[in-house]
file structure_25.cif (mmCIF, C-alpha atoms and all ligand atoms)
data_target
#
loop_
_atom_site.label_atom_id
_atom_site.label_comp_id
_atom_site.auth_asym_id
_atom_site.auth_seq_id
_atom_site.Cartn_x
_atom_site.Cartn_y
_atom_site.Cartn_z
CA MET Z 1 72.68 117.27 75.53
CA LYS Z 2 75.95 115.94 74.14
CA ILE Z 3 78.63 115.04 76.66
CA LEU Z 4 82.32 114.21 76.19
CA LEU Z 5 83.70 111.86 78.83
CA THR Z 6 87.48 112.04 79.03
CA GLY Z 7 88.73 108.86 80.69
CA GLY Z 8 85.34 107.35 79.83
CA THR Z 9 86.55 103.76 79.48
CA GLY Z 10 88.03 103.92 83.00
CA TYR Z 11 86.40 102.68 86.18
CA ILE Z 12 84.23 105.66 87.10
CA GLY Z 13 83.85 107.02 83.57
CA SER Z 14 82.42 103.77 82.20
CA HIS Z 15 79.80 103.58 84.95
CA ALA Z 16 78.93 107.21 84.25
CA ALA Z 17 78.61 106.46 80.53
CA VAL Z 18 76.06 103.75 81.24
CA ARG Z 19 73.87 105.91 83.46
CA LEU Z 20 74.08 108.93 81.15
CA ILE Z 21 73.11 106.86 78.10
CA GLU Z 22 70.24 105.30 80.03
CA LEU Z 23 69.00 108.78 80.85
CA GLY Z 24 69.05 109.79 77.19
CA TYR Z 25 72.23 111.87 77.06
CA GLU Z 26 74.40 111.55 73.98
CA VAL Z 27 77.84 110.38 75.07
CA GLU Z 28 81.24 110.33 73.39
CA ILE Z 29 84.37 108.93 75.03
CA LEU Z 30 87.96 110.08 74.74
CA ASP Z 31 90.58 107.83 76.35
CA ASN Z 32 94.13 106.75 75.55
CA LEU Z 33 93.48 103.31 77.14
CA ASN Z 34 96.46 103.81 79.42
CA ASN Z 35 94.52 102.30 82.33
CA SER Z 36 91.46 100.76 80.68
CA LYS Z 37 90.47 98.34 77.99
CA ILE Z 38 88.64 98.78 74.71
CA GLU Z 39 86.28 95.88 75.66
CA VAL Z 40 84.59 98.27 78.08
CA LEU Z 41 82.74 99.66 75.05
CA ASP Z 42 81.19 96.21 74.43
CA LYS Z 43 80.02 96.13 78.03
CA ILE Z 44 78.50 99.60 77.82
CA GLU Z 45 76.71 98.55 74.63
CA LYS Z 46 75.50 95.31 76.18
CA ILE Z 47 73.98 97.12 79.14
CA THR Z 48 72.49 100.11 77.32
CA GLY Z 49 72.05 98.98 73.71
CA VAL Z 50 74.10 101.99 72.63
CA ARG Z 51 77.77 101.98 71.65
CA PRO Z 52 79.20 105.42 72.37
CA THR Z 53 81.51 107.00 69.81
CA PHE Z 54 85.05 106.34 71.01
CA HIS Z 55 88.20 108.34 70.33
CA GLN Z 56 91.46 106.66 71.29
CA VAL Z 57 93.23 109.92 71.95
CA ASP Z 58 95.76 111.13 74.49
CA LEU Z 59 94.88 114.51 75.97
CA MET Z 60 98.58 115.29 75.73
CA ASP Z 61 98.14 115.23 71.95
CA TYR Z 62 96.70 118.67 71.35
CA LYS Z 63 95.98 118.23 67.64
CA ALA Z 64 94.14 114.95 68.14
CA THR Z 65 92.11 116.43 71.00
CA GLN Z 66 91.29 119.42 68.78
CA ARG Z 67 89.97 117.06 66.08
CA VAL Z 68 87.62 115.42 68.59
CA PHE Z 69 86.25 118.84 69.53
CA SER Z 70 86.00 120.11 65.96
CA GLU Z 71 83.53 117.35 65.11
CA GLY Z 72 81.98 117.05 68.55
CA GLY Z 73 79.52 119.86 69.23
CA PHE Z 74 79.74 119.07 72.95
CA ASP Z 75 77.63 120.88 75.54
CA LEU Z 76 79.54 119.50 78.51
CA VAL Z 77 82.81 117.75 79.32
CA ILE Z 78 83.14 115.40 82.27
CA HIS Z 79 86.86 115.17 82.88
CA PHE Z 80 87.72 111.80 84.42
CA ALA Z 81 90.99 111.27 82.54
CA GLY Z 82 94.07 111.23 84.71
CA LEU Z 83 96.71 109.04 86.25
CA LYS Z 84 95.78 108.11 89.80
CA ALA Z 85 98.33 105.76 91.36
CA VAL Z 86 99.60 107.56 94.45
CA GLY Z 87 102.83 105.51 94.81
CA GLU Z 88 103.70 105.81 91.13
CA SER Z 89 103.23 109.58 91.34
CA VAL Z 90 105.97 109.74 93.99
CA GLU Z 91 108.35 107.83 91.71
CA LYS Z 92 107.38 109.65 88.51
CA PRO Z 93 106.27 113.15 89.50
CA LEU Z 94 106.91 114.70 86.09
CA LEU Z 95 104.74 112.10 84.40
CA TYR Z 96 101.89 113.01 86.77
CA TYR Z 97 102.27 116.76 86.40
CA GLU Z 98 102.60 116.45 82.65
CA ASN Z 99 99.70 114.07 82.12
CA ASN Z 100 97.19 115.38 84.64
CA ILE Z 101 97.90 119.10 84.46
CA GLY Z 102 99.12 119.22 80.84
CA GLY Z 103 96.16 117.12 79.73
CA THR Z 104 93.71 119.38 81.57
CA ILE Z 105 95.25 122.52 80.04
CA ASN Z 106 94.91 121.06 76.54
CA LEU Z 107 91.33 120.14 77.31
CA LEU Z 108 90.49 123.62 78.60
CA LYS Z 109 92.13 125.21 75.55
CA CYS Z 110 90.03 123.07 73.23
CA MET Z 111 86.90 123.92 75.20
CA ARG Z 112 87.70 127.61 74.79
CA GLU Z 113 88.46 127.23 71.08
CA PHE Z 114 85.23 125.37 70.36
CA GLY Z 115 82.97 127.29 72.75
CA VAL Z 116 82.25 124.49 75.23
CA LYS Z 117 81.20 126.18 78.46
CA LYS Z 118 80.56 123.41 80.96
CA ILE Z 119 82.99 121.11 82.74
CA ILE Z 120 82.72 118.69 85.65
CA PHE Z 121 86.07 117.69 87.13
CA SER Z 122 86.95 114.53 89.07
CA SER Z 123 88.79 115.84 92.10
CA SER Z 124 89.59 113.98 95.26
CA ALA Z 125 89.40 114.16 99.03
CA THR Z 126 93.17 114.15 98.86
CA VAL Z 127 93.11 117.94 98.17
CA TYR Z 128 92.34 118.54 101.85
CA GLY Z 129 95.75 117.20 102.79
CA ASP Z 130 96.80 116.57 106.37
CA THR Z 131 94.99 119.17 108.45
CA GLY Z 132 94.48 116.97 111.49
CA GLU Z 133 90.73 116.85 110.75
CA THR Z 134 88.85 113.65 110.11
CA GLU Z 135 85.62 115.02 108.59
CA PHE Z 136 85.82 117.46 105.72
CA THR Z 137 83.53 120.22 104.48
CA GLU Z 138 84.12 122.05 101.20
CA GLU Z 139 84.99 125.27 103.01
CA MET Z 140 87.98 123.75 104.77
CA PRO Z 141 91.44 124.72 103.54
CA THR Z 142 92.90 122.71 100.68
CA GLY Z 143 96.48 122.15 99.59
CA VAL Z 144 97.74 121.73 103.15
CA LYS Z 145 100.54 119.17 103.46
CA ILE Z 146 99.51 117.09 100.46
CA VAL Z 147 102.12 114.37 100.54
CA ASN Z 148 102.15 113.07 96.98
CA PRO Z 149 102.32 114.54 93.45
CA TYR Z 150 99.01 112.88 92.48
CA GLY Z 151 97.16 114.80 95.18
CA LYS Z 152 98.98 117.98 94.26
CA THR Z 153 97.85 117.67 90.64
CA LYS Z 154 94.23 117.57 91.83
CA PHE Z 155 94.77 120.66 93.98
CA MET Z 156 96.55 122.51 91.16
CA ILE Z 157 93.87 121.63 88.61
CA GLU Z 158 91.23 122.98 90.99
CA GLU Z 159 93.20 126.25 91.11
CA ILE Z 160 93.50 126.35 87.32
CA LEU Z 161 89.76 125.82 86.95
CA ARG Z 162 89.08 128.69 89.36
CA ASP Z 163 91.36 131.03 87.38
CA VAL Z 164 89.86 130.03 84.05
CA ALA Z 165 86.35 130.59 85.41
CA THR Z 166 87.38 134.02 86.69
CA ALA Z 167 88.65 134.93 83.23
CA ASP Z 168 85.52 133.66 81.46
CA GLY Z 169 82.34 134.51 83.32
CA ASP Z 170 80.24 132.19 81.13
CA LEU Z 171 82.13 129.09 82.19
CA GLU Z 172 80.22 126.61 84.36
CA VAL Z 173 82.58 124.52 86.48
CA VAL Z 174 81.72 121.81 88.96
CA ILE Z 175 84.49 120.27 91.04
CA LEU Z 176 83.51 116.97 92.62
CA ARG Z 177 85.74 115.74 95.41
CA TYR Z 178 85.37 111.98 95.48
CA PHE Z 179 86.05 110.11 98.68
CA ASN Z 180 86.64 106.36 98.20
CA PRO Z 181 84.67 104.97 95.27
CA ILE Z 182 84.06 101.21 95.35
CA GLY Z 183 81.60 98.72 93.87
CA ALA Z 184 80.49 97.81 90.41
CA HIS Z 185 77.50 97.99 88.07
CA GLU Z 186 74.61 95.82 89.22
CA SER Z 187 74.66 93.92 85.89
CA GLY Z 188 77.98 92.28 86.82
CA LEU Z 189 79.39 93.43 83.47
CA LEU Z 190 81.26 96.55 84.52
CA GLY Z 191 83.59 97.05 87.45
CA GLU Z 192 87.02 98.16 88.48
CA ASP Z 193 89.60 96.48 86.29
CA PRO Z 194 92.85 98.40 86.46
CA ASN Z 195 95.78 97.44 84.24
CA GLY Z 196 98.59 96.12 86.46
CA ILE Z 197 98.83 95.76 90.21
CA PRO Z 198 96.11 97.62 92.15
CA ASN Z 199 96.90 99.92 95.10
CA ASN Z 200 93.44 100.46 96.49
CA LEU Z 201 91.81 98.38 99.16
CA MET Z 202 88.82 96.97 97.26
CA PRO Z 203 90.62 95.68 94.15
CA ILE Z 204 93.25 94.15 96.45
CA VAL Z 205 90.55 92.47 98.58
CA MET Z 206 89.08 91.04 95.40
CA ARG Z 207 92.42 89.66 94.23
CA VAL Z 208 92.98 88.08 97.64
CA SER Z 209 89.56 86.46 97.33
CA THR Z 210 90.46 84.94 93.96
CA GLY Z 211 93.86 83.79 95.22
CA GLU Z 212 95.82 86.10 92.89
CA ILE Z 213 97.20 87.84 95.98
CA GLU Z 214 98.03 85.66 98.97
CA GLU Z 215 96.81 87.89 101.77
CA LEU Z 216 95.65 91.41 102.50
CA LYS Z 217 98.29 93.53 104.18
CA ILE Z 218 96.53 95.89 106.56
CA TYR Z 219 98.59 99.04 106.83
CA GLY Z 220 98.70 99.67 110.57
CA ASN Z 221 96.35 99.04 113.50
CA ASP Z 222 97.57 101.82 115.76
CA TYR Z 223 95.59 104.75 114.35
CA ASP Z 224 93.24 106.68 116.60
CA THR Z 225 90.19 105.01 115.05
CA VAL Z 226 87.45 102.59 116.09
CA ASP Z 227 89.76 99.54 115.88
CA GLY Z 228 93.11 101.12 115.06
CA THR Z 229 92.92 100.45 111.30
CA GLY Z 230 92.41 103.19 108.70
CA VAL Z 231 88.89 104.55 108.30
CA ARG Z 232 87.55 105.80 104.95
CA ASP Z 233 84.29 106.96 103.44
CA TYR Z 234 83.55 104.28 100.82
CA ILE Z 235 80.97 105.37 98.27
CA HIS Z 236 79.31 103.05 95.75
CA VAL Z 237 80.38 104.00 92.24
CA MET Z 238 76.75 104.23 91.07
CA ASP Z 239 75.93 106.67 93.89
CA LEU Z 240 78.97 108.65 92.81
CA VAL Z 241 77.70 108.66 89.23
CA ASP Z 242 74.28 109.81 90.40
CA GLY Z 243 76.06 112.73 92.07
CA HIS Z 244 77.35 113.78 88.64
CA ILE Z 245 73.85 113.55 87.15
CA ALA Z 246 72.50 115.71 89.97
CA ALA Z 247 75.32 118.22 89.36
CA ILE Z 248 74.62 118.44 85.61
CA LYS Z 249 71.09 119.57 86.38
CA LYS Z 250 72.24 122.37 88.68
CA MET Z 251 75.14 123.81 86.69
CA GLN Z 252 75.48 127.57 86.50
CA PRO Z 253 78.22 130.11 85.71
CA GLY Z 254 81.10 130.08 88.18
CA VAL Z 255 82.71 127.31 90.21
CA ALA Z 256 80.77 124.98 92.49
CA ILE Z 257 82.52 122.42 94.68
CA TYR Z 258 80.96 119.35 96.26
CA ASN Z 259 82.18 116.45 98.34
CA LEU Z 260 80.80 113.15 97.10
CA GLY Z 261 80.83 110.73 100.01
CA THR Z 262 78.41 109.04 102.36
CA GLY Z 263 79.36 110.73 105.62
CA ARG Z 264 80.00 107.28 107.12
CA GLY Z 265 83.38 105.77 107.92
CA THR Z 266 84.37 102.12 107.66
CA SER Z 267 87.64 100.69 109.00
CA VAL Z 268 89.78 98.20 107.09
CA LEU Z 269 88.82 95.46 109.57
CA GLU Z 270 85.15 96.36 109.11
CA MET Z 271 85.66 96.09 105.34
CA VAL Z 272 87.16 92.63 105.84
CA ALA Z 273 84.19 91.62 108.00
CA ALA Z 274 81.70 92.98 105.44
CA PHE Z 275 83.44 91.07 102.67
CA GLU Z 276 83.39 87.85 104.69
CA LYS Z 277 79.70 88.30 105.48
CA VAL Z 278 78.65 88.96 101.89
CA SER Z 279 80.89 86.32 100.27
CA GLY Z 280 80.79 83.64 102.96
CA GLN Z 281 84.54 83.38 102.40
CA LYS Z 282 87.38 83.92 104.88
CA LEU Z 283 89.79 86.67 103.87
CA PRO Z 284 93.41 86.07 104.93
CA TYR Z 285 95.12 89.18 106.24
CA LYS Z 286 98.14 90.35 108.16
CA ILE Z 287 98.74 93.59 110.04
CA VAL Z 288 101.86 95.33 108.74
CA GLU Z 289 103.49 98.77 109.15
CA ARG Z 290 101.58 101.94 108.31
CA ARG Z 291 101.76 102.98 104.66
CA GLU Z 292 103.65 106.22 104.21
CA GLY Z 293 101.39 109.18 103.55
CA ASP Z 294 98.22 107.48 104.87
CA LEU Z 295 95.88 109.35 107.19
CA GLY Z 296 93.99 107.61 110.00
CA GLU Z 297 90.47 108.74 109.21
CA VAL Z 298 89.01 110.57 106.19
CA ILE Z 299 85.26 111.09 106.03
CA ALA Z 300 83.17 113.41 103.87
CA ASN Z 301 80.69 115.86 105.18
CA PRO Z 302 78.26 115.47 102.26
CA ASP Z 303 75.69 118.03 103.53
CA LYS Z 304 76.33 120.58 100.77
CA ALA Z 305 75.70 118.09 97.96
CA GLU Z 306 72.64 116.77 99.75
CA ARG Z 307 71.28 120.27 100.25
CA GLU Z 308 72.14 121.91 96.93
CA LEU Z 309 72.12 118.97 94.53
CA ASP Z 310 69.30 117.10 96.20
CA TRP Z 311 71.48 114.01 96.06
CA GLU Z 312 72.40 111.45 98.65
CA ALA Z 313 74.44 108.24 98.60
CA LYS Z 314 71.96 105.40 99.10
CA ARG Z 315 73.97 102.20 98.80
CA THR Z 316 75.94 100.51 101.56
CA VAL Z 317 79.41 99.00 101.66
CA GLU Z 318 77.76 95.56 101.61
CA ASP Z 319 75.82 96.51 98.45
CA ALA Z 320 79.14 97.46 96.86
CA MET Z 321 80.76 94.17 97.91
CA ARG Z 322 77.81 92.20 96.49
CA ASP Z 323 78.11 94.04 93.15
CA VAL Z 324 81.87 93.53 93.01
CA LEU Z 325 81.42 89.80 93.68
CA GLY Z 326 78.82 89.74 90.89
CA TYR Z 327 81.34 91.40 88.61
CA LEU Z 328 84.02 88.84 89.53
CA LYS Z 329 81.62 85.98 88.71
CA GLY Z 330 80.61 87.57 85.41
CA ASN Z 331 84.18 87.92 84.19
P1 LIG Q 401 90.79 105.00 85.84
O1 LIG Q 401 92.27 104.92 85.75
O2 LIG Q 401 90.02 103.75 85.85
O3 LIG Q 401 90.23 105.93 84.66
C1 LIG Q 401 90.94 107.04 84.16
C2 LIG Q 401 91.00 106.91 82.65
O4 LIG Q 401 91.73 108.02 82.12
C3 LIG Q 401 91.72 105.63 82.19
O5 LIG Q 401 90.87 104.90 81.31
C4 LIG Q 401 92.97 106.15 81.46
O6 LIG Q 401 93.32 105.33 80.37
C5 LIG Q 401 92.54 107.55 81.04
N1 LIG Q 401 93.62 108.51 80.87
C6 LIG Q 401 94.62 108.82 81.72
N2 LIG Q 401 95.41 109.77 81.20
C7 LIG Q 401 94.90 110.08 79.99
C8 LIG Q 401 95.28 110.98 78.94
N3 LIG Q 401 96.36 111.76 79.05
N4 LIG Q 401 94.51 111.04 77.83
C9 LIG Q 401 93.43 110.26 77.70
N5 LIG Q 401 93.03 109.38 78.63
C10 LIG Q 401 93.76 109.30 79.76
O7 LIG Q 401 90.45 105.88 87.12
P2 LIG Q 401 89.05 106.13 87.86
O8 LIG Q 401 89.09 105.45 89.17
O9 LIG Q 401 87.93 105.87 86.93
O10 LIG Q 401 89.20 107.68 88.15
C11 LIG Q 401 88.61 108.67 87.32
C12 LIG Q 401 89.01 110.03 87.84
O11 LIG Q 401 88.57 110.16 89.19
C13 LIG Q 401 90.53 110.26 87.88
O12 LIG Q 401 90.79 111.58 87.51
C14 LIG Q 401 90.89 110.03 89.32
O13 LIG Q 401 92.04 110.73 89.70
C15 LIG Q 401 89.64 110.54 90.02
N6 LIG Q 401 89.48 109.97 91.37
C16 LIG Q 401 89.43 108.60 91.51
C17 LIG Q 401 89.33 108.05 92.79
C18 LIG Q 401 89.31 106.56 92.96
O14 LIG Q 401 89.58 106.10 94.07
N7 LIG Q 401 88.99 105.76 91.96
C19 LIG Q 401 89.25 108.89 93.92
C20 LIG Q 401 89.28 110.26 93.74
C21 LIG Q 401 89.38 110.80 92.45
N1 LIG Q 402 94.72 99.65 102.87
C1 LIG Q 402 95.28 98.55 103.47
N2 LIG Q 402 95.87 97.61 102.68
C2 LIG Q 402 95.93 97.73 101.31
C3 LIG Q 402 95.37 98.88 100.71
C4 LIG Q 402 94.77 99.81 101.53
O1 LIG Q 402 95.25 98.41 104.70
O2 LIG Q 402 96.50 96.85 100.66
C5 LIG Q 402 94.06 100.66 103.73
C6 LIG Q 402 94.72 102.02 103.68
O3 LIG Q 402 95.76 102.11 104.63
C7 LIG Q 402 93.54 102.95 103.98
C8 LIG Q 402 92.35 102.20 103.35
O4 LIG Q 402 92.76 100.86 103.23
O5 LIG Q 402 93.33 103.03 105.35
C9 LIG Q 402 91.97 102.73 101.98
O6 LIG Q 402 93.12 102.75 101.15
P1 LIG Q 402 93.02 103.03 99.57
O7 LIG Q 402 94.39 102.93 99.02
O8 LIG Q 402 91.97 102.18 98.97
O9 LIG Q 402 92.47 104.52 99.51
P2 LIG Q 402 93.08 105.89 100.06
O10 LIG Q 402 92.08 106.48 100.99
O11 LIG Q 402 94.45 105.72 100.56
O12 LIG Q 402 93.19 106.74 98.72
C10 LIG Q 402 92.09 106.79 97.80
C11 LIG Q 402 92.63 106.97 96.38
C12 LIG Q 402 93.23 108.30 96.20
C13 LIG Q 402 92.30 109.37 96.66
C14 LIG Q 402 91.87 109.11 98.08
C15 LIG Q 402 90.91 110.13 98.56
O13 LIG Q 402 93.62 106.00 96.09
O14 LIG Q 402 93.45 108.50 94.83
O15 LIG Q 402 91.27 107.84 98.14
O16 LIG Q 402 89.88 110.28 97.68
F1 LIG Q 402 92.92 110.56 96.60
#

call {"tool": "encode", "arguments": {"input": "structure_25.cif", "output": "structure tokens"}}
result
Amino acid sequence: MKILLTGGTGYIGSHAAVRLIELGYEVEILDNLNNSKIEVLDKIEKITGVRPTFHQVDLMDYKATQRVFSEGGFDLVIHFAGLKAVGESVEKPLLYYENNIGGTINLLKCMREFGVKKIIFSSSATVYGDTGETEFTEEMPTGVKIVNPYGKTKFMIEEILRDVATADGDLEVVILRYFNPIGAHESGLLGEDPNGIPNNLMPIVMRVSTGEIEELKIYGNDYDTVDGTGVRDYIHVMDLVDGHIAAIKKMQPGVAIYNLGTGRGTSVLEMVAAFEKVSGQKLPYKIVERREGDLGEVIANPDKAERELDWEAKRTVEDAMRDVLGYLKGN
């Protein structure tokens, strides 16, 4: 089976590339390197012994994307490519709508033109919006009070995929709603290495640990949670990748949606404690105001994926911290 990974040099895509290659899938990567580095290909090769064919292409460039498909012969596309910085999406909404939605439309047009019938899409827990719930099942309403353009692009792309699948009954679509991916590859070679200043908790914790950032700012301790700080469902990136592998095996015509999370919540203070335990290092932090748009508690109900995909997240937050520390040492 030949698979095109859009966004395949990015954080999640590169980890997926490694596992897919190890399992014998043929992998090609399309990425414009907007938020990743070409050196990732060396790392993938070092781990697997295989250097995937790479196309430095922007999905916004229809002709270039077409060329990739004309030579590709792909059986499946895993669509990781997208801009994902929540704050930036508020400042530059058109960039987000254009890149994420425009890019997906180009991709779907190429798939139609070249007869590619399977797609797995990287969606997000953010599509559930602010419903007042803390634990989410796939049947719950989506698109409710989504506060930022990034989240709205995920919701809109889900809608587009549904419409396209209605129009073409042969299309096999899997929408995976990621909760909070963290961690790194156990080799210490691959990890999360965003260009520029990170916005997510784990990369910030890591930069505090190396002294690049002075202290962690904890956004609020007055939420209705175990200790007042925000609670999230952190899932190890390799468990997340295994969820994709499980989904590939069960694909069928129509649209299937799965939450990929652990079903367990961890607060920011618990994350700090886990980091300190695993690293033996004190992590300086300060409680500050809530971050606009944040919810108190967001946890996956992963029962559907466990039941239908026969998949389950196995690694713990401490495993993820250990792997990220390994990655920091290796780089
Ligand atoms: P990432 O930024 O590391 O990877 C995304 C990749 O897509 C980058 O390498 C970037 O250069 C590329 N890209 C962006 N726009 C492109 C375009 N127009 N053409 C070609 N390449 C383009 O992000 P990630 O954490 O690996 O996330 C992968 C996917 O999962 C994204 O769609 C993201 O929205 C989604 N997701 C991520 C999280 C998370 O917390 N990491 C949570 C939920 C969903
Ligand atoms: N946090 C801090 N300080 C920081 C960064 C984060 O206290 O410097 C807290 C947040 O308030 C939140 C938790 O740590 O309680 C996690 O925050 P992240 O920014 O790491 O993650 P979010 O849950 O806010 O959002 C992430 C992705 C989104 C995605 C969402 C749901 O950034 O793209 O998960 O999947 F949509």

call {"tool": "residues_near_point", "arguments": {"input": "structure_25.cif", "point": "(73.4, 110.0, 80.6)", "cutoff": "12 Å", "atoms": "only C-alpha atoms", "output": "count of residues only"}}
result
34

call {"tool": "closest_atom_pairs", "arguments": {"input": "structure_25.cif", "of": "chain Z", "to": "ligand LIG 401 (chain Q)", "cutoff": "8 Å", "atoms": "all atoms listed in the file", "output": "tab-separated table"}}
result
residue	atom	partner	partner_atom	distance
Z:Thr6	CA	Q:LIG401	N5	6.2
Z:Gly7	CA	Q:LIG401	O4	3.4
Z:Gly8	CA	Q:LIG401	O5	6.2
Z:Thr9	CA	Q:LIG401	O5	4.8
Z:Gly10	CA	Q:LIG401	O3	3.4
Z:Tyr11	CA	Q:LIG401	O9	3.6
Z:Ile12	CA	Q:LIG401	O9	3.7
Z:Gly13	CA	Q:LIG401	O9	5.4
Z:Ser14	CA	Q:LIG401	O9	7.6
Z:Leu30	CA	Q:LIG401	C9	6.2
Z:Asp31	CA	Q:LIG401	N5	3.7
Z:Asn32	CA	Q:LIG401	C9	4.2
Z:Leu33	CA	Q:LIG401	O6	3.8
Z:Asn34	CA	Q:LIG401	O6	3.6
Z:Asn35	CA	Q:LIG401	O6	3.8
Z:Ser36	CA	Q:LIG401	O5	4.2
Z:Lys37	CA	Q:LIG401	O5	7.4
Z:Gln56	CA	Q:LIG401	C9	7.6
Z:Val57	CA	Q:LIG401	C9	5.8
Z:Asp58	CA	Q:LIG401	N4	3.6
Z:Leu59	CA	Q:LIG401	N4	4.0
Z:Met60	CA	Q:LIG401	N3	5.3
Z:His79	CA	Q:LIG401	O12	7.1
Z:Phe80	CA	Q:LIG401	C12	4.1
Z:Ala81	CA	Q:LIG401	O4	3.4
Z:Gly82	CA	Q:LIG401	C6	3.9
Z:Leu83	CA	Q:LIG401	C6	5.0
Z:Lys84	CA	Q:LIG401	O13	4.6
Z:Asn99	CA	Q:LIG401	N3	5.1
Z:Asn100	CA	Q:LIG401	N3	6.7
Z:Gly103	CA	Q:LIG401	N3	5.4
Z:Phe121	CA	Q:LIG401	O12	7.7
Z:Ser122	CA	Q:LIG401	O11	4.7
Z:Ser123	CA	Q:LIG401	C21	5.1
Z:Ser124	CA	Q:LIG401	C20	4.0
Z:Ala125	CA	Q:LIG401	C20	6.6
Z:Thr126	CA	Q:LIG401	C20	7.5
Z:Tyr150	CA	Q:LIG401	O13	7.8
Z:Lys154	CA	Q:LIG401	O13	7.5
Z:Arg177	CA	Q:LIG401	C20	6.7
Z:Tyr178	CA	Q:LIG401	C20	4.6
Z:Phe179	CA	Q:LIG401	C19	5.9
Z:Asn180	CA	Q:LIG401	O14	5.1
Z:Pro181	CA	Q:LIG401	O14	5.2
Z:Ile182	CA	Q:LIG401	O14	7.5
Z:Glu192	CA	Q:LIG401	O2	6.9
Z:Asp193	CA	Q:LIG401	O2	7.3
Z:Pro194	CA	Q:LIG401	O2	6.1
Z:Asn200	CA	Q:LIG401	O14	7.3

call {"tool": "closest_residue", "arguments": {"input": "structure_25.cif", "among": "Z:Glu172, Z:Glu138, Z:Asp319, Z:Asp310", "to": "Val278 of chain Z", "atoms": "all atoms listed in the file"}}
result
Z:Asp319

call {"tool": "atom_distance", "arguments": {"input": "structure_25.cif", "atom1": "atom CA of Lys63 of chain Z", "atom2": "atom CA of Lys117 of chain Z"}}
result
20.0 Å

call {"tool": "atom_distance", "arguments": {"input": "structure_25.cif", "atom1": "atom CA of Ala247 of chain Z", "atom2": "atom CA of Leu309 of chain Z"}}
result
6.1 Å

call {"tool": "closest_residue", "arguments": {"input": "structure_25.cif", "among": "Z:Lys118, Z:Arg322, Z:Lys304, Z:Lys92", "to": "Gly254 of chain Z", "atoms": "all atoms listed in the file"}}
result
Z:Lys118

call {"tool": "residues_near_ligand", "arguments": {"input": "structure_25.cif", "ligand": "ligand LIG 402 (chain Q)", "cutoff": "9 Å", "atoms": "only C-alpha atoms and all ligand atoms", "output": "ChimeraX atom specification"}}
result
/Z:84-86,123-127,150-151,154,177-182,198-205,216-221,229-234,267-269,271,287-288,290-298

call {"tool": "atom_distance", "arguments": {"input": "structure_25.cif", "atom1": "atom CA of Val77 of chain Z", "atom2": "atom CA of Tyr128 of chain Z"}}
result
24.5 Å

call {"tool": "closest_residue", "arguments": {"input": "structure_25.cif", "among": "Z:Tyr97, Z:Phe114, Z:Ile120, Z:Ile29", "to": "Ala256 of chain Z", "atoms": "all atoms listed in the file"}}
result
Z:Ile120

call {"tool": "closest_residue", "arguments": {"input": "structure_25.cif", "among": "Z:Ser279, Z:Thr134, Z:Thr262, Z:Gln252", "to": "Ala305 of chain Z", "atoms": "all atoms listed in the file"}}
result
Z:Thr262

call {"tool": "closest_residue", "arguments": {"input": "structure_25.cif", "among": "Z:Lys250, Z:Lys152, Z:Gly243, Z:Asp222", "to": "Glu289 of chain Z", "atoms": "only C-alpha atoms"}}
result
Z:Asp222

call {"tool": "closest_residue", "arguments": {"input": "structure_25.cif", "among": "Z:Ile299, Z:Thr53, Z:Lys329, Z:Thr225", "to": "Glu71 of chain Z", "atoms": "all atoms listed in the file"}}
result
Z:Thr53

call {"tool": "residues_around", "arguments": {"input": "structure_25.cif", "residues": "Leu325 of chain Z", "least_positions_apart": "2", "cutoff": "9 Å", "atoms": "all atoms listed in the file", "output": "list in words"}}
result
Gly183, Ala184, Gly188, Met206, Val278, Ser279, Ala320, Met321, Arg322, Asp323, Tyr327, Leu328, Lys329 and Gly330 of chain Z

call {"tool": "write_last_selection", "arguments": {"input": "structure_25.cif", "atoms": "C-alpha atoms", "output": "PDB file, in the coordinates of the input"}}
result
ATOM      1  CA  GLY Z 183      81.600  98.720  93.870  1.00  0.00           C
ATOM      2  CA  ALA Z 184      80.490  97.810  90.410  1.00  0.00           C
ATOM      3  CA  GLY Z 188      77.980  92.280  86.820  1.00  0.00           C
ATOM      4  CA  MET Z 206      89.080  91.040  95.400  1.00  0.00           C
ATOM      5  CA  VAL Z 278      78.650  88.960 101.890  1.00  0.00           C
ATOM      6  CA  SER Z 279      80.890  86.320 100.270  1.00  0.00           C
ATOM      7  CA  ALA Z 320      79.140  97.460  96.860  1.00  0.00           C
ATOM      8  CA  MET Z 321      80.760  94.170  97.910  1.00  0.00           C
ATOM      9  CA  ARG Z 322      77.810  92.200  96.490  1.00  0.00           C
ATOM     10  CA  ASP Z 323      78.110  94.040  93.150  1.00  0.00           C
ATOM     11  CA  TYR Z 327      81.340  91.400  88.610  1.00  0.00           C
ATOM     12  CA  LEU Z 328      84.020  88.840  89.530  1.00  0.00           C
ATOM     13  CA  LYS Z 329      81.620  85.980  88.710  1.00  0.00           C
ATOM     14  CA  GLY Z 330      80.610  87.570  85.410  1.00  0.00           C
TER      15      GLY Z 330
END

call {"tool": "decode", "arguments": {"input": "structure_25.cif", "residues": "segment 136-145 of chain Z", "atoms": "C-alpha atoms", "output": "short mmCIF file (atom, residue, chain, number, x, y, z; two decimals), in the first residue's frame"}}
result
data_model
loop_
_atom_site.label_atom_id
_atom_site.label_comp_id
_atom_site.auth_asym_id
_atom_site.auth_seq_id
_atom_site.Cartn_x
_atom_site.Cartn_y
_atom_site.Cartn_z
CA PHE Z 136 -16.48 14.07 24.79
CA THR Z 137 -17.96 11.28 22.70
CA GLU Z 138 -18.05 11.39 18.90
CA GLU Z 139 -21.83 11.73 18.89
CA MET Z 140 -21.78 15.02 20.77
CA PRO Z 141 -22.52 18.19 18.82
CA THR Z 142 -19.61 19.88 17.08
CA GLY Z 143 -19.11 23.45 15.94
CA VAL Z 144 -20.63 24.91 19.11
CA LYS Z 145 -18.95 28.14 20.23
#
